[in-house]
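K.L.:
See run.txt below, with compact mmCIF, C-alpha atoms.
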# COMPACT_ATOMS: atom_id res chain seq x y z
CA MET H 13 -48.84 13.84 20.64
CA ARG H 14 -50.60 17.21 20.31
CA ALA H 15 -47.22 18.93 19.65
CA LEU H 16 -46.31 16.31 17.05
CA ALA H 17 -49.68 16.69 15.32
CA HIS H 18 -49.21 20.46 15.19
CA PHE H 19 -45.73 20.03 13.71
CA LEU H 20 -46.99 17.66 11.02
CA LEU H 21 -49.84 20.05 10.20
CA VAL H 22 -47.40 22.95 9.76
CA LEU H 23 -45.04 20.75 7.75
CA GLY H 24 -47.86 19.64 5.47
CA ALA H 25 -49.01 23.21 4.91
CA SER H 26 -45.46 24.29 4.09
CA PHE H 27 -45.07 21.35 1.73
CA THR H 28 -48.29 22.22 -0.11
CA ALA H 29 -47.38 25.88 -0.42
CA LEU H 30 -43.89 25.14 -1.69
CA SER H 31 -45.12 22.54 -4.18
CA ALA H 32 -47.57 25.03 -5.64
CA ALA H 33 -45.14 27.96 -5.77
CA PRO H 34 -44.02 29.14 -9.21
CA GLN H 35 -40.44 28.25 -10.02
CA ARG H 36 -39.14 31.69 -10.95
CA GLN H 37 -35.68 31.62 -9.45
CA ASP H 38 -35.05 35.29 -8.70
CA GLU H 39 -38.49 36.61 -7.71
CA GLY H 40 -38.17 38.46 -4.41
CA ARG H 41 -34.76 36.95 -3.78
CA PRO H 42 -32.85 38.66 -0.92
CA THR H 43 -29.23 39.20 -1.90
CA PHE H 44 -26.03 40.53 -0.44
CA SER H 45 -22.62 41.17 -1.91
CA ILE H 46 -19.28 40.22 -0.40
CA GLU H 47 -16.03 41.79 -1.51
CA ALA H 48 -13.73 39.34 -3.26
CA HIS H 49 -10.88 39.69 -0.78
CA LEU H 50 -12.97 38.66 2.24
CA VAL H 51 -13.07 35.25 3.87
CA THR H 52 -16.69 34.44 4.67
CA LEU H 53 -17.71 32.40 7.70
CA SER H 54 -21.09 30.78 8.21
CA VAL H 55 -21.63 30.90 11.98
CA THR H 56 -24.27 29.15 14.09
CA VAL H 57 -24.79 30.24 17.70
CA VAL H 58 -26.46 27.98 20.26
CA ASP H 59 -27.10 28.17 23.99
CA ARG H 60 -26.41 25.48 26.59
CA GLN H 61 -29.61 23.65 25.62
CA GLY H 62 -28.62 23.63 21.95
CA ALA H 63 -31.28 26.18 20.95
CA PHE H 64 -30.39 28.59 18.16
CA VAL H 65 -29.71 32.15 19.24
CA GLY H 66 -30.68 34.97 16.90
CA GLY H 67 -30.72 38.73 17.15
CA LEU H 68 -27.04 39.14 18.04
CA THR H 69 -25.12 42.15 16.76
CA ARG H 70 -21.78 42.55 15.03
CA GLU H 71 -20.27 43.99 18.23
CA GLN H 72 -20.95 40.76 20.11
CA PHE H 73 -18.70 38.67 17.86
CA LYS H 74 -14.94 38.32 17.91
CA VAL H 75 -13.05 36.49 15.15
CA TYR H 76 -9.54 35.14 15.66
CA ASP H 77 -7.33 34.18 12.71
CA ASN H 78 -4.44 31.97 13.84
CA GLY H 79 -5.04 33.37 17.33
CA ARG H 80 -4.99 37.01 16.20
CA LEU H 81 -8.10 39.17 16.63
CA GLN H 82 -9.41 40.42 13.27
CA PRO H 83 -11.84 43.26 12.52
CA ILE H 84 -15.21 42.19 11.11
CA ASP H 85 -15.69 43.74 7.68
CA PHE H 86 -19.06 42.18 6.81
CA PHE H 87 -21.91 40.95 9.00
CA THR H 88 -25.48 39.78 8.43
CA ASN H 89 -27.99 37.61 10.27
CA GLU H 90 -30.62 37.67 7.54
CA ASP H 91 -32.52 34.52 6.57
CA ILE H 92 -31.04 34.28 3.09
CA PRO H 93 -31.58 31.44 0.59
CA ALA H 94 -29.04 28.67 0.20
CA THR H 95 -27.91 26.10 -2.32
CA VAL H 96 -28.26 22.71 -0.63
CA GLY H 97 -26.95 19.39 -1.88
CA LEU H 98 -28.37 16.13 -0.51
CA VAL H 99 -25.59 13.54 -0.80
CA ILE H 100 -27.37 10.20 -0.52
CA ASP H 101 -25.74 6.84 0.15
CA CYS H 102 -27.38 4.30 -2.18
CA SER H 103 -25.13 1.35 -1.32
CA SER H 104 -26.47 -1.94 0.02
CA SER H 105 -25.95 -0.75 3.61
CA MET H 106 -28.85 1.69 3.13
CA ARG H 107 -31.32 -1.03 2.11
CA GLY H 108 -34.52 -0.71 4.14
CA ARG H 109 -33.97 3.00 4.88
CA ARG H 110 -34.87 4.54 1.49
CA ALA H 111 -38.48 5.36 2.39
CA GLN H 112 -37.38 7.14 5.57
CA VAL H 113 -34.75 9.13 3.68
CA THR H 114 -37.26 10.14 1.00
CA ALA H 115 -39.83 11.33 3.55
CA ALA H 116 -37.29 13.21 5.67
CA GLY H 117 -35.56 14.79 2.67
CA THR H 118 -38.87 15.98 1.26
CA GLY H 119 -39.89 17.39 4.62
CA PHE H 120 -36.53 19.12 4.88
CA ALA H 121 -37.22 21.01 1.67
CA ALA H 122 -40.66 22.02 2.93
CA VAL H 123 -39.31 23.85 5.99
CA SER H 124 -36.27 25.33 4.24
CA HIS H 125 -36.14 28.84 2.84
CA PRO H 126 -38.71 29.09 -0.01
CA LEU H 127 -36.00 30.32 -2.38
CA ASP H 128 -33.49 27.59 -1.59
CA GLU H 129 -32.25 25.58 -4.58
CA PHE H 130 -31.52 21.87 -4.20
CA PHE H 131 -29.63 19.12 -5.92
CA ILE H 132 -29.14 15.43 -5.17
CA MET H 133 -25.93 13.47 -5.56
CA ASN H 134 -26.44 9.71 -5.27
CA PHE H 135 -23.64 7.23 -4.78
CA ASN H 136 -22.81 3.59 -4.37
CA GLU H 137 -19.58 2.48 -6.11
CA VAL H 138 -20.33 5.19 -8.69
CA VAL H 139 -21.64 8.75 -8.31
CA TRP H 140 -24.56 10.18 -10.28
CA PRO H 141 -26.85 13.23 -10.06
CA GLY H 142 -30.36 12.58 -8.84
CA LEU H 143 -32.03 15.26 -10.95
CA ALA H 144 -32.72 15.03 -14.67
CA PRO H 145 -29.95 15.90 -17.15
CA ARG H 146 -29.46 19.62 -17.67
CA VAL H 147 -31.31 20.34 -14.38
CA PRO H 148 -28.50 21.36 -12.02
CA PHE H 149 -30.83 22.59 -9.25
CA THR H 150 -34.51 22.58 -8.40
CA ARG H 151 -36.94 24.37 -6.10
CA SER H 152 -39.69 21.82 -6.82
CA VAL H 153 -40.56 19.51 -3.95
CA ASP H 154 -42.15 17.08 -6.41
CA GLU H 155 -38.91 16.81 -8.40
CA LEU H 156 -36.93 16.36 -5.21
CA ARG H 157 -39.22 13.65 -3.85
CA GLU H 158 -39.20 11.79 -7.15
CA ALA H 159 -35.41 11.88 -7.32
CA LEU H 160 -35.04 10.65 -3.74
CA ALA H 161 -37.53 7.82 -4.21
CA GLY H 162 -36.10 6.62 -7.50
CA ALA H 163 -32.60 5.64 -6.35
CA PRO H 164 -31.72 1.98 -5.62
CA ALA H 165 -29.89 0.59 -2.59
CA LEU H 166 -27.17 -1.78 -3.77
CA GLY H 167 -23.45 -2.06 -4.39
CA MET H 168 -20.36 -0.68 -2.66
CA THR H 169 -19.66 2.82 -1.33
CA ALA H 170 -17.74 5.75 -2.86
CA LEU H 171 -18.45 8.37 -0.21
CA TYR H 172 -15.34 10.50 -0.79
CA ASP H 173 -15.93 10.64 -4.54
CA ALA H 174 -19.52 11.75 -3.93
CA VAL H 175 -18.56 14.54 -1.53
CA HIS H 176 -15.81 15.73 -3.86
CA ARG H 177 -18.16 15.82 -6.84
CA SER H 178 -20.82 17.60 -4.76
CA LEU H 179 -18.33 20.30 -3.80
CA GLU H 180 -17.54 20.69 -7.50
CA HIS H 181 -21.25 20.97 -8.29
CA LEU H 182 -21.64 23.75 -5.74
CA GLU H 183 -19.37 25.91 -7.90
CA LEU H 184 -22.46 26.29 -10.15
CA ALA H 185 -24.58 27.55 -7.24
CA THR H 186 -26.54 30.79 -7.57
CA ARG H 187 -26.93 31.23 -3.79
CA ASP H 188 -24.28 32.64 -1.48
CA ARG H 189 -24.92 30.22 1.39
CA ARG H 190 -23.88 26.67 0.45
CA VAL H 191 -24.57 23.45 2.30
CA LEU H 192 -24.15 19.70 1.89
CA VAL H 193 -26.24 17.21 3.85
CA ILE H 194 -24.67 13.75 3.72
CA VAL H 195 -26.83 10.71 4.49
CA SER H 196 -24.55 7.71 5.02
CA ASP H 197 -22.87 5.39 7.50
CA GLY H 198 -19.47 6.95 6.72
CA GLY H 199 -17.94 3.83 5.20
CA ASP H 200 -16.00 3.95 1.93
CA ASN H 201 -14.66 1.03 -0.09
CA ALA H 202 -14.77 2.28 -3.68
CA SER H 203 -13.49 5.89 -3.96
CA SER H 204 -10.59 7.14 -6.02
CA HIS H 205 -10.41 10.23 -3.79
CA THR H 206 -9.24 10.06 -0.17
CA PHE H 207 -10.54 11.65 3.00
CA ASP H 208 -7.61 14.09 2.91
CA ASP H 209 -8.56 15.07 -0.66
CA VAL H 210 -12.08 15.93 0.46
CA VAL H 211 -10.93 17.92 3.49
CA ALA H 212 -8.44 19.88 1.38
CA TYR H 213 -11.15 20.71 -1.16
CA ALA H 214 -13.66 21.69 1.52
CA ARG H 215 -11.12 24.09 3.01
CA GLN H 216 -10.99 25.91 -0.33
CA THR H 217 -14.75 26.56 -0.22
CA ARG H 218 -17.23 28.09 2.22
CA THR H 219 -19.47 25.01 2.19
CA VAL H 220 -20.97 23.83 5.48
CA ILE H 221 -21.37 20.05 5.76
CA TYR H 222 -23.99 18.29 7.87
CA ALA H 223 -24.12 14.54 8.35
CA VAL H 224 -27.09 12.27 9.03
CA MET H 225 -25.45 9.06 10.22
CA LEU H 226 -27.39 5.85 9.56
CA TYR H 227 -25.70 2.68 10.80
CA ASP H 228 -26.12 -0.31 13.07
CA GLU H 229 -23.88 -0.81 16.08
CA ASP H 230 -22.57 -4.14 14.75
CA ASP H 231 -21.71 -2.72 11.31
CA ARG H 232 -17.91 -2.93 11.16
CA GLU H 233 -17.70 -1.04 7.86
CA ALA H 234 -19.52 2.01 9.20
CA LYS H 235 -17.24 4.96 10.00
CA PRO H 236 -19.32 7.65 11.69
CA HIS H 237 -16.15 9.40 12.86
CA VAL H 238 -15.45 10.31 9.22
CA LEU H 239 -18.79 12.12 8.94
CA LYS H 240 -18.26 13.84 12.29
CA ALA H 241 -14.84 15.04 11.14
CA LEU H 242 -16.24 16.53 7.91
CA ALA H 243 -18.98 18.32 9.84
CA ARG H 244 -16.54 19.63 12.46
CA GLU H 245 -14.09 20.80 9.79
CA THR H 246 -16.71 22.91 8.01
CA GLY H 247 -18.79 24.17 10.95
CA GLY H 248 -21.76 21.85 10.45
CA GLY H 249 -23.17 19.15 12.68
CA ALA H 250 -23.47 15.36 12.78
CA PHE H 251 -26.62 13.58 13.92
CA ARG H 252 -27.61 9.96 14.43
CA PRO H 253 -31.39 9.43 14.24
CA LYS H 254 -32.69 6.25 15.84
CA SER H 255 -36.10 6.11 14.13
CA ALA H 256 -38.13 7.56 11.28
CA ARG H 257 -39.50 10.20 13.63
CA ASP H 258 -35.97 11.07 14.78
CA MET H 259 -34.85 11.38 11.17
CA MET H 260 -37.61 13.88 10.44
CA LYS H 261 -36.62 15.88 13.52
CA VAL H 262 -32.95 15.86 12.49
CA PHE H 263 -33.66 17.10 8.98
CA THR H 264 -35.94 19.81 10.38
CA GLN H 265 -33.24 20.88 12.85
CA ILE H 266 -30.69 21.16 10.05
CA ALA H 267 -33.10 23.23 7.93
CA LEU H 268 -33.79 25.61 10.82
CA GLU H 269 -30.08 25.88 11.63
CA ILE H 270 -29.27 26.89 8.06
CA ARG H 271 -31.91 29.61 8.30
CA SER H 272 -30.77 30.81 11.75
CA GLY H 273 -27.10 31.39 10.99
CA TYR H 274 -24.91 34.46 10.74
CA THR H 275 -22.54 35.35 7.91
CA ILE H 276 -19.32 37.12 8.86
CA GLY H 277 -16.61 38.41 6.54
CA VAL H 278 -13.03 39.14 7.58
CA SER H 279 -9.95 40.11 5.61
CA PRO H 280 -7.10 37.58 5.72
CA PRO H 281 -3.90 39.06 7.15
CA SER H 282 -1.35 40.25 4.61
CA GLY H 283 1.23 37.65 3.65
CA SER H 284 -1.07 34.74 4.55
CA ASP H 285 -1.51 33.35 1.02
CA GLN H 286 -0.84 29.65 0.41
CA GLU H 287 -1.35 28.41 3.95
CA PHE H 288 -4.07 26.93 6.11
CA ARG H 289 -5.17 29.31 8.83
CA GLY H 290 -7.19 28.39 11.89
CA VAL H 291 -10.33 30.34 12.77
CA ARG H 292 -12.16 30.76 16.07
CA VAL H 293 -15.31 32.78 16.72
CA ILE H 294 -16.34 33.91 20.22
CA VAL H 295 -19.65 35.48 21.25
CA ASP H 296 -20.00 38.00 24.09
CA ASP H 297 -23.54 37.89 25.43
CA VAL H 298 -24.89 40.82 27.43
CA ASP H 299 -27.33 38.50 29.21
CA HIS H 300 -24.46 36.31 30.43
CA ARG H 301 -25.76 33.19 28.72
CA GLN H 302 -23.24 30.51 27.87
CA LEU H 303 -23.25 30.70 24.07
CA THR H 304 -21.25 28.65 21.59
CA ALA H 305 -20.40 29.87 18.10
CA ARG H 306 -19.79 27.10 15.57
CA THR H 307 -18.00 27.70 12.28
CA ARG H 308 -15.39 26.03 10.10
CA ARG H 309 -12.04 25.22 11.69
CA GLY H 310 -10.12 27.34 9.21
CA TYR H 311 -9.51 28.16 5.56
CA ASP H 312 -7.01 27.75 2.79
CA ALA H 313 -5.74 31.30 2.41
CA GLY H 314 -4.91 30.79 -1.26
CA HIS H 315 -8.46 29.79 -2.28
CA ALA H 316 -11.08 30.52 0.37
CA ALA H 317 -11.80 34.21 -0.17
CA GLY H 318 -15.48 34.96 -0.66
CA GLN H 319 -16.70 35.74 -4.15
CA SER H 320 -18.95 38.72 -4.79
CA ARG H 321 -22.32 38.26 -6.46
Would you mind writing the structure in this file as structure tokens?
P.N.:
Amino acid sequence: MRALAHFLLVLGASFTALSAAPQRQDEGRPTFSIEAHLVTLSVTVVDRQGAFVGGLTREQFKVYDNGRLQPIDFFTNEDIPATVGLVIDCSSSMRGRRAQVTAAGTGFAAVSHPLDEFFIMNFNEVVWPGLAPRVPFTRSVDELREALAGAPALGMTALYDAVHRSLEHLELATRDRRVLVIVSDGGDNASSHTFDDVVAYARQTRTVIYAVMLYDEDDREAKPHVLKALARETGGGAFRPKSARDMMKVFTQIALEIRSGYTIGVSPPSGSDQEFRGVRVIVDDVDHRQLTARTRRGYDAGHAAGQSR
């Protein structure tokens, strides 16, 4: 209980500070530039207990492209700001969970990088932005909380359409690190896009997808394996909270993971345009810990090169 009280105290202090911060987008913003021909990989390293591992060097990483070792051309482990989209299921299956989602999503923003920019994409059988018109992103916790709290919970589910539109929205991002956090049961009964459409689009981007899976065991329309597949494809993670407290912990873990990652750039091999190429990252640890590096499964060589900023 003492640890939980301390966590809530820190979370509240962070929330207050972020709410009061001026909304000047570029003040003190750390930046880096990536050459246009590089493929960028967001990499998370964890130990056997699942704890994030920081402080590793470029020399400790090996990147394999279709099984072939590639030189690392760009490397950073800085805590850089991200553009984060909260993709929120507002169908009838989410009824009774809206207050939990609002509290956890607001807390997530409070422990994220102070220069992160956020957007919300709501969906039931239709998809609509959660922020006001002509406000593509926000750093305001108040705006974020209001948008989360104002959505209904009714209708059918167009999950694939929502993810596809969110990936499109990320093309407007002003941050180099890009993330989607999907809150859903994984079911879809109203989309015009398919799962394969979404995977193909995600492979053309450097977006990392996390999933917060909310469903009951007897819900036959829930498809958590869909959310797990999207997370695995892009190097993210999938979590299933069992309570409001668990949901807060999950959102906090995702926020800390985004801030604890590495960014690695490699050049695609010559002649590899127009094909999907598999990627694997291995970490050599001098302390002989068993470390796991998580990143996207691969990239579409014709579209996935990093863009300089």
K.L.:
May I ask for the distance between atom CA of H:Ile194 and atom CA of H:Met259, given in Å to one decimal place?
P.N.:
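Interatomic distance, atom CA of H:Ile194 to atom CA of H:Met259: 12.8 Å.
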K.L.:
What is the atom CA of H:Asn89-atom CA of H:Asp77 distance in Å, reported with one decimal?
P.N.:
21.1 Å
K.L.:
Produce a table with one row for each residue of stretch 187-261 of chain H that has an atom at most 12 Å from any atom of stretch 275-281 of chain H, each row naming the nearest atom pair and its distance in Å at one decimal; use only C-alpha atoms; arrange rows by chain and rising residue number; format as a Markdown table.
P.N.:
| residue | atom | partner | partner_atom | distance |
| --- | --- | --- | --- | --- |
| H:Asp188 | CA | H:Thr275 | CA | 9.9 |
| H:Arg189 | CA | H:Thr275 | CA | 8.6 |
| H:Arg190 | CA | H:Thr275 | CA | 11.5 |
| H:Arg218 | CA | H:Thr275 | CA | 10.6 |
| H:Val220 | CA | H:Thr275 | CA | 11.9 |
K.L.:
Between H:Ile270, H:Ala234, H:Ala165, H:Ala116, which one has atoms that come closest to H:Gly247, using all atoms listed in the file?
P.N.:
H:Ile270
K.L.:
When distances are computed from all atoms listed in the file, which of H:Phe87, H:Trp140, H:Phe120, H:Phe135 shows the smallest separation from H:Met106?
P.N.:
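Under the stated criterion, the closest residue is H:Phe135.
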K.L.:
To one decimal in Å, tell me the separation between atom CA of H:Cys102 and atom CA of H:Asn136.
P.N.:
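These atoms are spaced 5.1 Å apart.
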K.L.:
I need every residue sitting at most 8 Å from the point (-17.0, 3.0, 11.9) (coordinates as in the file, only C-alpha atoms considered), written as a PDB file with C-alpha atoms, keeping the file's coordinate frame.
P.N.:
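Dumped to part.pdb:
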ATOM      1  CA  ASP H 197     -22.870   5.390   7.500  1.00  0.00           C
ATOM      2  CA  GLY H 198     -19.470   6.950   6.720  1.00  0.00           C
ATOM      3  CA  GLY H 199     -17.940   3.830   5.200  1.00  0.00           C
ATOM      4  CA  ASP H 231     -21.710  -2.720  11.310  1.00  0.00           C
ATOM      5  CA  ARG H 232     -17.910  -2.930  11.160  1.00  0.00           C
ATOM      6  CA  GLU H 233     -17.700  -1.040   7.860  1.00  0.00           C
ATOM      7  CA  ALA H 234     -19.520   2.010   9.200  1.00  0.00           C
ATOM      8  CA  LYS H 235     -17.240   4.960  10.000  1.00  0.00           C
ATOM      9  CA  PRO H 236     -19.320   7.650  11.690  1.00  0.00           C
ATOM     10  CA  HIS H 237     -16.150   9.400  12.860  1.00  0.00           C
ATOM     11  CA  VAL H 238     -15.450  10.310   9.220  1.00  0.00           C
TER      12      VAL H 238
END
K.L.:
So which one's closest to H:Arg244, H:Asn78, H:Asp208, H:Arg309, H:Met260? Using all atoms listed in the file, please.
P.N.:
H:Arg309
K.L.:
From the set H:Ala115, H:Leu156, H:Val139, H:Ala223, which residue has the shortest atom-to-atom contact distance to H:Thr169, counting all atoms listed in the file?
P.N.:
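For H:Thr169, the nearest of the candidates is H:Val139.
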K.L.:
Tell me, as a list in words, which residues lie within 12 Å of H:Val58, counting all atoms listed in the file; anything in the same chain fewer than 2 positions away does not count.
P.N.:
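Once the adjacent positions are removed, what remains is Val55, Thr56, Arg60, Gln61, Gly62, Ala63, Phe64, Val65, Gly66, Gly67, Leu68, Glu269, Ser272, Gly273, Tyr274, Ile294, Val295, Asp297, Arg301, Gln302, Leu303, Thr304, Ala305, Arg306 and Thr307 of chain H.
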K.L.:
Mind writing the picked residues with C-alpha atoms as a tab-separated table (two decimals), in the coordinates of the input?
P.N.:
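That gives us again_27.tsv:
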chain	number	residue	atom	x	y	z
H	55	VAL	CA	-21.63	30.90	11.98
H	56	THR	CA	-24.27	29.15	14.09
H	60	ARG	CA	-26.41	25.48	26.59
H	61	GLN	CA	-29.61	23.65	25.62
H	62	GLY	CA	-28.62	23.63	21.95
H	63	ALA	CA	-31.28	26.18	20.95
H	64	PHE	CA	-30.39	28.59	18.16
H	65	VAL	CA	-29.71	32.15	19.24
H	66	GLY	CA	-30.68	34.97	16.90
H	67	GLY	CA	-30.72	38.73	17.15
H	68	LEU	CA	-27.04	39.14	18.04
H	269	GLU	CA	-30.08	25.88	11.63
H	272	SER	CA	-30.77	30.81	11.75
H	273	GLY	CA	-27.10	31.39	10.99
H	274	TYR	CA	-24.91	34.46	10.74
H	294	ILE	CA	-16.34	33.91	20.22
H	295	VAL	CA	-19.65	35.48	21.25
H	297	ASP	CA	-23.54	37.89	25.43
H	301	ARG	CA	-25.76	33.19	28.72
H	302	GLN	CA	-23.24	30.51	27.87
H	303	LEU	CA	-23.25	30.70	24.07
H	304	THR	CA	-21.25	28.65	21.59
H	305	ALA	CA	-20.40	29.87	18.10
H	306	ARG	CA	-19.79	27.10	15.57
H	307	THR	CA	-18.00	27.70	12.28
K.L.:
Identify which of the residues H:Gln72, H:Gln82, H:Thr118, H:Ser124 lies closest to H:Gln265, counting only C-alpha atoms when measuring atom-to-atom distances.
P.N.:
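Result for the nearest residue to H:Gln265: H:Ser124.
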K.L.:
Just want the 10 Å neighbourhood of H:His181, counted on only C-alpha atoms, with same-chain residues fewer than 5 positions away dropped. Output as a list in words.
P.N.:
Gly97, Phe131, Met133, Pro141, Pro148, Phe149, Val175 and His176 of chain H
K.L.:
Compare H:Thr69, H:Ser204, H:Ser54, H:Thr95 by their minimum atom-to-atom distance to H:Leu184, counting all atoms listed in the file, and give me the closest one.
P.N.:
H:Thr95
K.L.:
Tell me, as a ChimeraX atom specification, which residues lie within 7 Å of H:Tyr76, counting all atoms listed in the file; anything in the same chain fewer than 4 positions away does not count.
P.N.:
/H:80-82,291-293
K.L.:
Contacts of H:Glu287 at 9 Å or less, counting only C-alpha atoms, minus same-chain residues fewer than 6 places along, as a PyMOL selection string?
P.N.:
chain H and resi 311-314
K.L.:
For N, CA and C atoms, please extract stretch 176-188 of chain H from the block and return it as a compact mmCIF listing (two decimals), in the first residue's frame.
P.N.:
# COMPACT_ATOMS: atom_id res chain seq x y z
N HIS H 176 -6.21 1.86 -39.41
CA HIS H 176 -5.75 2.38 -40.70
C HIS H 176 -5.78 3.91 -40.71
N ARG H 177 -6.87 4.49 -40.22
CA ARG H 177 -6.97 5.95 -40.21
C ARG H 177 -5.95 6.55 -39.23
N SER H 178 -5.67 5.87 -38.13
CA SER H 178 -4.69 6.37 -37.18
C SER H 178 -3.29 6.36 -37.78
N LEU H 179 -2.96 5.33 -38.55
CA LEU H 179 -1.68 5.29 -39.24
C LEU H 179 -1.58 6.43 -40.25
N GLU H 180 -2.69 6.74 -40.92
CA GLU H 180 -2.71 7.89 -41.83
C GLU H 180 -2.46 9.18 -41.05
N HIS H 181 -3.10 9.32 -39.91
CA HIS H 181 -2.97 10.54 -39.11
C HIS H 181 -1.53 10.74 -38.64
N LEU H 182 -0.83 9.66 -38.38
CA LEU H 182 0.55 9.76 -37.94
C LEU H 182 1.47 10.35 -39.00
N GLU H 183 1.03 10.39 -40.24
CA GLU H 183 1.83 11.03 -41.28
C GLU H 183 1.95 12.54 -41.04
N LEU H 184 1.07 13.09 -40.19
CA LEU H 184 1.13 14.51 -39.84
C LEU H 184 2.01 14.76 -38.62
N ALA H 185 2.56 13.71 -38.03
CA ALA H 185 3.29 13.82 -36.78
C ALA H 185 4.51 14.73 -36.90
N THR H 186 4.82 15.43 -35.83
CA THR H 186 6.02 16.26 -35.77
C THR H 186 7.11 15.62 -34.93
N ARG H 187 6.87 14.43 -34.39
CA ARG H 187 7.87 13.70 -33.61
C ARG H 187 8.37 12.51 -34.42
N ASP H 188 9.63 12.13 -34.17
CA ASP H 188 10.22 11.03 -34.93
C ASP H 188 9.79 9.66 -34.41
